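See below for model-v9.cif, which holds mmCIF, N, CA, C and O atoms.
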```cif
data_target
#
loop_
_atom_site.label_atom_id
_atom_site.label_comp_id
_atom_site.auth_asym_id
_atom_site.auth_seq_id
_atom_site.Cartn_x
_atom_site.Cartn_y
_atom_site.Cartn_z
N MET A 1 -44.89 -43.60 6.51
CA MET A 1 -43.55 -43.16 6.87
C MET A 1 -43.20 -41.86 6.18
O MET A 1 -42.53 -41.03 6.73
N SER A 2 -43.68 -41.68 4.97
CA SER A 2 -43.37 -40.47 4.22
C SER A 2 -44.01 -39.25 4.88
O SER A 2 -43.43 -38.18 4.91
N ARG A 3 -45.22 -39.40 5.39
CA ARG A 3 -45.90 -38.30 6.06
C ARG A 3 -45.16 -37.91 7.33
O ARG A 3 -45.09 -36.73 7.67
N TYR A 4 -44.61 -38.88 8.02
CA TYR A 4 -43.84 -38.62 9.23
C TYR A 4 -42.60 -37.79 8.90
O TYR A 4 -42.29 -36.83 9.60
N LYS A 5 -41.89 -38.13 7.84
CA LYS A 5 -40.70 -37.37 7.44
C LYS A 5 -41.07 -35.95 7.02
O LYS A 5 -40.37 -35.00 7.35
N LEU A 6 -42.17 -35.81 6.32
CA LEU A 6 -42.63 -34.49 5.90
C LEU A 6 -42.97 -33.63 7.12
O LEU A 6 -42.64 -32.44 7.15
N THR A 7 -43.56 -34.22 8.12
CA THR A 7 -43.89 -33.49 9.35
C THR A 7 -42.62 -33.04 10.06
O THR A 7 -42.53 -31.90 10.53
N ILE A 8 -41.64 -33.90 10.14
CA ILE A 8 -40.38 -33.55 10.81
C ILE A 8 -39.66 -32.45 10.05
O ILE A 8 -39.17 -31.49 10.65
N VAL A 9 -39.57 -32.56 8.75
CA VAL A 9 -38.91 -31.54 7.94
C VAL A 9 -39.64 -30.21 8.07
O VAL A 9 -39.01 -29.15 8.22
N SER A 10 -40.95 -30.23 8.04
CA SER A 10 -41.74 -29.00 8.20
C SER A 10 -41.51 -28.38 9.57
O SER A 10 -41.37 -27.16 9.69
N PHE A 11 -41.46 -29.21 10.59
CA PHE A 11 -41.22 -28.72 11.95
C PHE A 11 -39.88 -28.01 12.04
O PHE A 11 -39.78 -26.90 12.55
N PHE A 12 -38.82 -28.63 11.54
CA PHE A 12 -37.49 -28.02 11.61
C PHE A 12 -37.39 -26.77 10.74
O PHE A 12 -36.70 -25.82 11.10
N LEU A 13 -38.08 -26.73 9.63
CA LEU A 13 -38.10 -25.54 8.79
C LEU A 13 -38.77 -24.38 9.52
O LEU A 13 -38.25 -23.26 9.51
N ILE A 14 -39.88 -24.64 10.15
CA ILE A 14 -40.58 -23.59 10.89
C ILE A 14 -39.74 -23.10 12.06
O ILE A 14 -39.62 -21.89 12.29
N ILE A 15 -39.11 -24.00 12.79
CA ILE A 15 -38.26 -23.62 13.91
C ILE A 15 -37.08 -22.78 13.43
O ILE A 15 -36.74 -21.75 14.03
N SER A 16 -36.44 -23.17 12.34
CA SER A 16 -35.30 -22.41 11.84
C SER A 16 -35.72 -21.03 11.37
O SER A 16 -34.99 -20.05 11.57
N LEU A 17 -36.88 -20.91 10.76
CA LEU A 17 -37.37 -19.59 10.35
C LEU A 17 -37.68 -18.71 11.56
O LEU A 17 -37.39 -17.52 11.55
N LEU A 18 -38.24 -19.29 12.60
CA LEU A 18 -38.51 -18.52 13.80
C LEU A 18 -37.22 -18.06 14.48
O LEU A 18 -37.11 -16.91 14.92
N ILE A 19 -36.25 -18.93 14.54
CA ILE A 19 -34.97 -18.57 15.16
C ILE A 19 -34.26 -17.50 14.35
O ILE A 19 -33.71 -16.54 14.90
N SER A 20 -34.26 -17.62 13.03
CA SER A 20 -33.60 -16.60 12.21
C SER A 20 -34.29 -15.26 12.32
O SER A 20 -33.64 -14.22 12.29
N SER A 21 -35.62 -15.24 12.49
CA SER A 21 -36.31 -13.96 12.65
C SER A 21 -35.93 -13.30 13.96
O SER A 21 -35.87 -12.07 14.04
N VAL A 22 -35.65 -14.07 14.99
CA VAL A 22 -35.20 -13.50 16.26
C VAL A 22 -33.86 -12.81 16.07
O VAL A 22 -33.64 -11.70 16.56
N TYR A 23 -32.95 -13.41 15.32
CA TYR A 23 -31.65 -12.79 15.06
C TYR A 23 -31.81 -11.50 14.26
O TYR A 23 -31.15 -10.51 14.53
N VAL A 24 -32.69 -11.50 13.28
CA VAL A 24 -32.89 -10.30 12.47
C VAL A 24 -33.49 -9.19 13.32
O VAL A 24 -33.08 -8.03 13.22
N LEU A 25 -34.47 -9.51 14.16
CA LEU A 25 -35.07 -8.50 15.03
C LEU A 25 -34.04 -7.97 16.03
O LEU A 25 -34.02 -6.78 16.33
N THR A 26 -33.18 -8.84 16.53
CA THR A 26 -32.13 -8.40 17.44
C THR A 26 -31.18 -7.45 16.74
O THR A 26 -30.77 -6.44 17.29
N ALA A 27 -30.82 -7.79 15.51
CA ALA A 27 -29.92 -6.92 14.75
C ALA A 27 -30.57 -5.58 14.46
O ALA A 27 -29.92 -4.53 14.57
N ALA A 28 -31.84 -5.57 14.12
CA ALA A 28 -32.53 -4.31 13.85
C ALA A 28 -32.64 -3.46 15.10
O ALA A 28 -32.43 -2.24 15.06
N ALA A 29 -32.95 -4.09 16.22
CA ALA A 29 -33.05 -3.35 17.48
C ALA A 29 -31.69 -2.81 17.89
O ALA A 29 -31.57 -1.67 18.35
N ALA A 30 -30.65 -3.60 17.74
CA ALA A 30 -29.31 -3.15 18.09
C ALA A 30 -28.88 -2.01 17.18
O ALA A 30 -28.20 -1.09 17.62
N ASN A 31 -29.27 -2.05 15.93
CA ASN A 31 -28.92 -0.98 15.00
C ASN A 31 -29.64 0.31 15.39
O ASN A 31 -29.08 1.40 15.25
N ASP A 32 -30.87 0.23 15.88
CA ASP A 32 -31.59 1.41 16.33
C ASP A 32 -30.99 1.98 17.60
O ASP A 32 -30.92 3.19 17.78
N ILE A 33 -30.57 1.11 18.51
CA ILE A 33 -30.02 1.55 19.78
C ILE A 33 -28.63 2.16 19.59
O ILE A 33 -28.32 3.21 20.13
N TYR A 34 -27.80 1.50 18.81
CA TYR A 34 -26.43 1.96 18.60
C TYR A 34 -26.32 2.55 17.19
O TYR A 34 -25.95 1.85 16.26
N ASN A 35 -26.65 3.81 17.04
CA ASN A 35 -26.61 4.42 15.72
C ASN A 35 -25.19 4.53 15.20
O ASN A 35 -24.93 4.31 14.02
N GLU A 36 -24.25 4.89 16.04
CA GLU A 36 -22.88 5.10 15.60
C GLU A 36 -22.04 3.82 15.69
O GLU A 36 -21.08 3.67 14.97
N GLN A 37 -22.39 2.93 16.59
CA GLN A 37 -21.59 1.74 16.82
C GLN A 37 -22.34 0.50 16.34
O GLN A 37 -23.55 0.50 16.22
N ASN A 38 -21.58 -0.53 16.11
CA ASN A 38 -22.19 -1.83 15.80
C ASN A 38 -22.43 -2.55 17.12
O ASN A 38 -21.51 -2.82 17.86
N GLY A 39 -23.68 -2.86 17.36
CA GLY A 39 -24.04 -3.51 18.61
C GLY A 39 -23.71 -4.99 18.59
O GLY A 39 -23.40 -5.57 17.55
N PRO A 40 -23.80 -5.63 19.73
CA PRO A 40 -23.48 -7.06 19.80
C PRO A 40 -24.45 -7.92 19.00
O PRO A 40 -24.06 -8.96 18.47
N GLY A 41 -25.70 -7.51 18.88
CA GLY A 41 -26.66 -8.28 18.09
C GLY A 41 -26.30 -8.29 16.62
O GLY A 41 -26.37 -9.31 15.94
N VAL A 42 -25.91 -7.11 16.10
CA VAL A 42 -25.52 -7.01 14.69
C VAL A 42 -24.26 -7.83 14.44
O VAL A 42 -24.16 -8.53 13.43
N MET A 43 -23.31 -7.75 15.35
CA MET A 43 -22.08 -8.51 15.19
C MET A 43 -22.33 -10.01 15.27
O MET A 43 -21.72 -10.79 14.54
N THR A 44 -23.25 -10.41 16.13
CA THR A 44 -23.58 -11.83 16.26
C THR A 44 -24.22 -12.35 14.99
O THR A 44 -23.86 -13.43 14.49
N VAL A 45 -25.17 -11.60 14.44
CA VAL A 45 -25.82 -12.02 13.20
C VAL A 45 -24.80 -12.07 12.07
O VAL A 45 -24.80 -13.00 11.25
N ASP A 46 -23.89 -11.10 12.04
CA ASP A 46 -22.85 -11.09 11.01
C ASP A 46 -21.96 -12.32 11.15
O ASP A 46 -21.67 -13.00 10.16
N LEU A 47 -21.53 -12.63 12.36
CA LEU A 47 -20.62 -13.75 12.58
C LEU A 47 -21.29 -15.11 12.36
O LEU A 47 -20.71 -16.00 11.74
N VAL A 48 -22.54 -15.25 12.81
CA VAL A 48 -23.21 -16.54 12.76
C VAL A 48 -23.87 -16.80 11.42
O VAL A 48 -23.88 -17.93 10.92
N LEU A 49 -24.40 -15.76 10.78
CA LEU A 49 -25.19 -15.96 9.58
C LEU A 49 -24.50 -15.45 8.31
O LEU A 49 -24.35 -16.18 7.34
N CYS A 50 -24.07 -14.20 8.33
CA CYS A 50 -23.57 -13.57 7.11
C CYS A 50 -22.19 -14.06 6.69
O CYS A 50 -21.94 -14.26 5.50
N ARG A 51 -21.29 -14.24 7.63
CA ARG A 51 -19.94 -14.70 7.27
C ARG A 51 -19.95 -16.11 6.68
O ARG A 51 -19.33 -16.34 5.65
N PRO A 52 -20.65 -17.06 7.30
CA PRO A 52 -20.71 -18.38 6.66
C PRO A 52 -21.37 -18.36 5.29
O PRO A 52 -20.93 -19.05 4.37
N LEU A 53 -22.42 -17.55 5.12
CA LEU A 53 -23.05 -17.43 3.81
C LEU A 53 -22.11 -16.80 2.80
O LEU A 53 -22.09 -17.19 1.63
N GLY A 54 -21.31 -15.83 3.24
CA GLY A 54 -20.30 -15.24 2.35
C GLY A 54 -19.25 -16.25 1.94
O GLY A 54 -18.79 -16.27 0.79
N PHE A 55 -18.86 -17.12 2.87
CA PHE A 55 -17.87 -18.16 2.56
C PHE A 55 -18.45 -19.16 1.55
O PHE A 55 -17.77 -19.55 0.60
N VAL A 56 -19.71 -19.54 1.75
CA VAL A 56 -20.37 -20.44 0.80
C VAL A 56 -20.50 -19.77 -0.57
O VAL A 56 -20.29 -20.42 -1.61
N ALA A 57 -20.81 -18.48 -0.58
CA ALA A 57 -20.90 -17.75 -1.85
C ALA A 57 -19.55 -17.70 -2.55
O ALA A 57 -19.46 -17.81 -3.78
N MET A 58 -18.47 -17.55 -1.77
CA MET A 58 -17.14 -17.54 -2.36
C MET A 58 -16.80 -18.90 -2.97
O MET A 58 -16.27 -18.98 -4.08
N LEU A 59 -17.12 -19.98 -2.25
CA LEU A 59 -16.85 -21.31 -2.78
C LEU A 59 -17.70 -21.60 -4.02
O LEU A 59 -17.21 -22.14 -5.01
N GLY A 60 -18.97 -21.22 -3.97
CA GLY A 60 -19.84 -21.39 -5.13
C GLY A 60 -19.38 -20.55 -6.31
O GLY A 60 -19.41 -20.99 -7.46
N GLY A 61 -18.95 -19.32 -6.03
CA GLY A 61 -18.42 -18.45 -7.08
C GLY A 61 -17.16 -19.01 -7.71
O GLY A 61 -16.96 -18.90 -8.92
N THR A 62 -16.32 -19.63 -6.89
CA THR A 62 -15.10 -20.26 -7.42
C THR A 62 -15.47 -21.41 -8.35
O THR A 62 -14.89 -21.55 -9.43
N LEU A 63 -16.42 -22.21 -7.94
CA LEU A 63 -16.87 -23.32 -8.78
C LEU A 63 -17.47 -22.81 -10.09
O LEU A 63 -17.14 -23.32 -11.17
N ILE A 64 -18.31 -21.80 -10.00
CA ILE A 64 -18.90 -21.23 -11.22
C ILE A 64 -17.83 -20.61 -12.10
O ILE A 64 -17.87 -20.72 -13.33
N PHE A 65 -16.83 -19.96 -11.48
CA PHE A 65 -15.75 -19.37 -12.27
C PHE A 65 -14.97 -20.44 -13.03
O PHE A 65 -14.63 -20.26 -14.20
N VAL A 66 -14.67 -21.54 -12.36
CA VAL A 66 -13.92 -22.62 -13.02
C VAL A 66 -14.71 -23.17 -14.21
O VAL A 66 -14.14 -23.40 -15.29
N VAL A 67 -16.00 -23.34 -14.03
CA VAL A 67 -16.82 -23.87 -15.11
C VAL A 67 -16.96 -22.86 -16.25
O VAL A 67 -16.91 -23.22 -17.43
N SER A 68 -17.10 -21.58 -15.91
CA SER A 68 -17.35 -20.57 -16.94
C SER A 68 -16.09 -19.91 -17.48
O SER A 68 -16.19 -19.08 -18.39
N SER A 69 -14.92 -20.25 -16.96
CA SER A 69 -13.69 -19.57 -17.41
C SER A 69 -13.39 -19.77 -18.89
O SER A 69 -12.89 -18.82 -19.52
N PRO A 70 -13.65 -20.91 -19.52
CA PRO A 70 -13.41 -20.98 -20.96
C PRO A 70 -14.28 -20.00 -21.75
O PRO A 70 -13.82 -19.37 -22.70
N PHE A 71 -15.51 -19.83 -21.32
CA PHE A 71 -16.40 -18.89 -21.99
C PHE A 71 -15.99 -17.45 -21.71
O PHE A 71 -16.08 -16.58 -22.57
N SER A 72 -15.52 -17.20 -20.49
CA SER A 72 -15.04 -15.86 -20.16
C SER A 72 -13.78 -15.54 -20.94
O SER A 72 -13.57 -14.40 -21.37
N ALA A 73 -12.91 -16.55 -21.16
CA ALA A 73 -11.70 -16.33 -21.95
C ALA A 73 -12.06 -16.01 -23.39
O ALA A 73 -11.42 -15.15 -24.02
N LEU A 74 -13.07 -16.66 -23.92
CA LEU A 74 -13.50 -16.36 -25.28
C LEU A 74 -14.06 -14.94 -25.38
O LEU A 74 -13.88 -14.27 -26.39
N GLY A 75 -14.72 -14.50 -24.33
CA GLY A 75 -15.29 -13.16 -24.32
C GLY A 75 -14.31 -12.08 -23.89
O GLY A 75 -14.59 -10.90 -23.98
N GLY A 76 -13.17 -12.50 -23.37
CA GLY A 76 -12.14 -11.55 -22.95
C GLY A 76 -12.43 -10.86 -21.63
O GLY A 76 -11.93 -9.76 -21.38
N ASN A 77 -13.19 -11.49 -20.77
CA ASN A 77 -13.50 -10.87 -19.48
C ASN A 77 -13.22 -11.80 -18.31
O ASN A 77 -14.01 -11.89 -17.37
N VAL A 78 -12.10 -12.48 -18.33
CA VAL A 78 -11.75 -13.41 -17.26
C VAL A 78 -11.54 -12.65 -15.95
O VAL A 78 -12.01 -13.09 -14.89
N GLU A 79 -10.86 -11.51 -16.01
CA GLU A 79 -10.59 -10.76 -14.79
C GLU A 79 -11.87 -10.21 -14.17
O GLU A 79 -12.04 -10.23 -12.95
N GLU A 80 -12.80 -9.75 -14.98
CA GLU A 80 -14.09 -9.26 -14.46
C GLU A 80 -14.87 -10.40 -13.81
O GLU A 80 -15.48 -10.21 -12.75
N ALA A 81 -14.86 -11.57 -14.44
CA ALA A 81 -15.56 -12.72 -13.86
C ALA A 81 -14.91 -13.14 -12.54
O ALA A 81 -15.61 -13.45 -11.57
N TRP A 82 -13.58 -13.13 -12.48
CA TRP A 82 -12.86 -13.48 -11.27
C TRP A 82 -13.22 -12.51 -10.14
O TRP A 82 -13.49 -12.92 -9.01
N ASP A 83 -13.20 -11.20 -10.45
CA ASP A 83 -13.52 -10.20 -9.44
C ASP A 83 -14.96 -10.35 -8.94
O ASP A 83 -15.21 -10.26 -7.73
N SER A 84 -15.88 -10.57 -9.84
CA SER A 84 -17.29 -10.66 -9.45
C SER A 84 -17.62 -11.94 -8.69
O SER A 84 -18.38 -11.91 -7.72
N LEU A 85 -17.06 -13.05 -9.14
CA LEU A 85 -17.45 -14.35 -8.58
C LEU A 85 -16.63 -14.79 -7.38
O LEU A 85 -17.13 -15.54 -6.53
N VAL A 86 -15.37 -14.34 -7.28
CA VAL A 86 -14.51 -14.83 -6.21
C VAL A 86 -14.04 -13.71 -5.29
O VAL A 86 -14.16 -13.81 -4.07
N VAL A 87 -13.52 -12.65 -5.86
CA VAL A 87 -12.91 -11.61 -5.03
C VAL A 87 -13.95 -10.85 -4.21
O VAL A 87 -13.74 -10.61 -3.02
N SER A 88 -15.06 -10.47 -4.80
CA SER A 88 -16.08 -9.72 -4.06
C SER A 88 -16.63 -10.51 -2.86
O SER A 88 -16.69 -9.97 -1.75
N PRO A 89 -17.02 -11.78 -3.02
CA PRO A 89 -17.46 -12.53 -1.83
C PRO A 89 -16.34 -12.74 -0.81
O PRO A 89 -16.60 -12.75 0.40
N ALA A 90 -15.10 -12.88 -1.28
CA ALA A 90 -13.98 -13.05 -0.34
C ALA A 90 -13.76 -11.79 0.48
O ALA A 90 -13.54 -11.85 1.70
N GLN A 91 -13.83 -10.63 -0.16
CA GLN A 91 -13.69 -9.37 0.58
C GLN A 91 -14.85 -9.18 1.54
O GLN A 91 -14.65 -8.70 2.66
N TYR A 92 -16.05 -9.52 1.11
CA TYR A 92 -17.22 -9.41 1.99
C TYR A 92 -17.06 -10.31 3.21
O TYR A 92 -17.43 -9.93 4.32
N THR A 93 -16.49 -11.48 3.01
CA THR A 93 -16.37 -12.44 4.10
C THR A 93 -15.19 -12.16 5.02
O THR A 93 -15.32 -12.22 6.24
N PHE A 94 -14.03 -11.82 4.47
CA PHE A 94 -12.81 -11.78 5.27
C PHE A 94 -12.27 -10.38 5.55
O PHE A 94 -11.57 -10.20 6.54
N LYS A 95 -12.53 -9.40 4.72
CA LYS A 95 -11.92 -8.08 4.91
C LYS A 95 -12.84 -7.06 5.56
O LYS A 95 -12.38 -6.05 6.08
N ARG A 96 -14.12 -7.28 5.51
CA ARG A 96 -15.09 -6.34 6.03
C ARG A 96 -15.07 -6.39 7.56
O ARG A 96 -15.00 -7.45 8.16
N PRO A 97 -15.12 -5.21 8.23
CA PRO A 97 -15.19 -5.22 9.69
C PRO A 97 -16.46 -5.92 10.18
O PRO A 97 -17.51 -5.84 9.54
N LEU A 98 -16.37 -6.55 11.31
CA LEU A 98 -17.49 -7.31 11.87
C LEU A 98 -18.65 -6.39 12.19
O LEU A 98 -18.51 -5.40 12.89
N GLY A 99 -19.80 -6.69 11.62
CA GLY A 99 -21.01 -5.92 11.89
C GLY A 99 -21.27 -4.78 10.94
O GLY A 99 -22.28 -4.11 11.04
N GLU A 100 -20.37 -4.53 10.00
CA GLU A 100 -20.58 -3.46 9.02
C GLU A 100 -20.99 -4.06 7.70
O GLU A 100 -20.32 -4.93 7.15
N PHE A 101 -22.12 -3.56 7.16
CA PHE A 101 -22.67 -4.12 5.93
C PHE A 101 -22.61 -3.16 4.77
O PHE A 101 -23.17 -3.43 3.73
N GLU A 102 -22.00 -2.03 4.90
CA GLU A 102 -21.95 -1.04 3.83
C GLU A 102 -20.80 -1.29 2.90
O GLU A 102 -19.83 -1.84 3.15
#
```

Would you write the structure of this file as structure tokens?
Amino acid sequence: MSRYKLTIVSFFLIISLLISSVYVLTAAAANDIYNEQNGPGVMTVDLVLCRPLGFVAMLGGTLIFVVSSPFSALGGNVEEAWDSLVVSPAQYTFKRPLGEFE
């Protein structure tokens, strides 16, 4: 039974890697075609992949900030930790125009 589960997990991992590579290739091709504009492929990859990862990074950063805030307070850099762990991922996720990564 364990070998069967390993086979299924491996199958889904390979499929997800293949699907994600298609999105990356689409984004690269769209970026080459639309030098000045953000193409639909780039916007799709941003919306489907990058925005959710940015949201997860913001939540993880918030959790890390809460755990590390006593140590940051002792070091006197609470605001720097807040900006790095919470504000930067939040701006990346919610304030950045769709399809722009700069």

Fill in: Residue IDs satisfying the PyMOL selection byres ((chain A and resi 72-89) around 6), as a ChimeraX atom specification
/A:54-55,57-58,60-62,65,68-71,90-94

Worksheet entry | Computed interatomic separation between CA of Asn38 (chain A) and atom N of Val56 (chain A) (Å) |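 Going from CA of Asn38 (chain A) over to atom N of Val56 (chain A) covers 22.7 Å.
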
Worksheet entry | Between atom O of Phe11 (chain A) and atom C of Met43 (chain A) - distance in Å to one decimal |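 We find that atom C of Met43 (chain A) and atom O of Phe11 (chain A) lie 24.4 Å from each other.
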
Worksheet item: What does the distance from atom C of Lys5 (chain A) to CA of Val45 (chain A) come to in Å, to one decimal?
Response: 29.0 Å
